[in-house]
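A.B. asks: The structure under discussion is supplied below as structure tokens; questions concerning it will follow.
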Amino acid sequence: MQTLVIELTNQKAYRLLKELEDLQLIRVVKTPVKMSSLRKNVKTPMVETAIDKQLAELRSEWHRDI
């Protein structure tokens, strides 16, 4: 048996893999992703002020009914 790591670029690909698993042709094994490996995928680093601004905008969109 071989183990492969595949990066999915489309949600349809995941559905196809699940169908292959249902046919017992493959077994889908999810592995946890380390945060350090995600840093490599950042295309354009953001400065702290830009991050704070974006967080403030996102938080203002939340509707809270407490």
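Identifiers in this document derive from the order of the structure tokens: chains are assigned A, B, ..., residues are numbered from 1 separately in each chain, and ligands are numbered from 1 in order of occurrence.
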As a PyMOL selection string, please: every residue in chain A that a backbone DSSP assignment puts in alpha helix (DSSP H).
C.D. replies: chain A and resi 11-22+35-39+48-61
A.B. asks: Find the distance between atom CA of A:Gln2 and atom CA of A:Leu20 and write it in Å to one decimal.
C.D. replies: 15.6 Å
A.B. asks: Please provide the set of residues having any atom within 12 Å of A:Met1, restricted to only C-alpha atoms, with same-chain residues fewer than 5 positions apart removed, written as a list in words.
C.D. replies: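 With the cut-off at 12 Å, the set is Leu25, Ile26 and Arg27 of chain A.
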A.B. asks: Restricting it to C-alpha atoms, dump the selection as an mmCIF file, in the first residue's frame.
C.D. replies:
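Okay, this is what ended up in result11.cif:
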```
data_model
loop_
_atom_site.group_PDB
_atom_site.id
_atom_site.type_symbol
_atom_site.label_atom_id
_atom_site.label_comp_id
_atom_site.auth_asym_id
_atom_site.auth_seq_id
_atom_site.Cartn_x
_atom_site.Cartn_y
_atom_site.Cartn_z
ATOM 1 C CA LEU A 25 -10.786 1.526 -3.958
ATOM 2 C CA ILE A 26 -9.015 4.011 -1.678
ATOM 3 C CA ARG A 27 -9.077 5.132 1.940
#
```
A.B. asks: Just want the 8 Å neighbourhood of A:Lys18, counted on only C-alpha atoms, with same-chain residues fewer than 4 positions away dropped. Output as a list in words.
C.D. replies: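 Here the answer would be Tyr14, Asp22 and Val28 of chain A.
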A.B. asks: Here is a test: counting only C-alpha atoms, which residue of A:Leu16, A:Gln54, A:Val5, A:Glu61 is nearest to A:Val33?
C.D. replies: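 Of all the options, A:Val5 lies closest to A:Val33.
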A.B. asks: Find the spatial neighbours of A:Thr31, counting only C-alpha atoms, within a cut-off of 12 Å - ignore same-chain residues fewer than 3 positions away - and output them as a list in words.
C.D. replies: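 In the requested form, the answer reads Thr3, Leu4, Val5, Ile6, Glu7, Val28 and Lys34 of chain A.
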A.B. asks: So that I have them on file, write out the residues from the current selection with N, CA and C atoms, as an mmCIF file, in the first residue's frame.
C.D. replies:
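The result, written out as result_8.cif:
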```
data_model
loop_
_atom_site.group_PDB
_atom_site.id
_atom_site.type_symbol
_atom_site.label_atom_id
_atom_site.label_comp_id
_atom_site.auth_asym_id
_atom_site.auth_seq_id
_atom_site.Cartn_x
_atom_site.Cartn_y
_atom_site.Cartn_z
ATOM 1 N N THR A 3 1.050 5.532 0.434
ATOM 2 C CA THR A 3 0.372 6.696 0.986
ATOM 3 C C THR A 3 0.809 7.913 0.198
ATOM 4 N N LEU A 4 -0.155 8.688 -0.274
ATOM 5 C CA LEU A 4 0.119 9.891 -1.052
ATOM 6 C C LEU A 4 -0.486 11.097 -0.360
ATOM 7 N N VAL A 5 0.146 12.228 -0.522
ATOM 8 C CA VAL A 5 -0.413 13.481 -0.034
ATOM 9 C C VAL A 5 -0.881 14.254 -1.259
ATOM 10 N N ILE A 6 -2.155 14.638 -1.248
ATOM 11 C CA ILE A 6 -2.753 15.325 -2.394
ATOM 12 C C ILE A 6 -3.345 16.630 -1.910
ATOM 13 N N GLU A 7 -3.026 17.714 -2.607
ATOM 14 C CA GLU A 7 -3.625 19.007 -2.286
ATOM 15 C C GLU A 7 -4.795 19.236 -3.241
ATOM 16 N N VAL A 28 -9.477 7.461 2.472
ATOM 17 C CA VAL A 28 -9.130 8.860 2.690
ATOM 18 C C VAL A 28 -8.702 9.009 4.147
ATOM 19 N N LYS A 34 -0.024 21.492 10.265
ATOM 20 C CA LYS A 34 0.704 22.313 11.215
ATOM 21 C C LYS A 34 0.652 23.772 10.763
#
```
A.B. asks: If I take atom CA of A:Pro45 and atom CA of A:Leu58, how far is one from the other in Å, to one decimal?
C.D. replies: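 Interatomic distance here is 18.6 Å.
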A.B. asks: Between atom CA of A:Asn10 and atom CA of A:Met46, what is the spacing in Å?
C.D. replies: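 Spanning atom CA of A:Met46 to atom CA of A:Asn10 is a straight-line distance of 25.7 Å.
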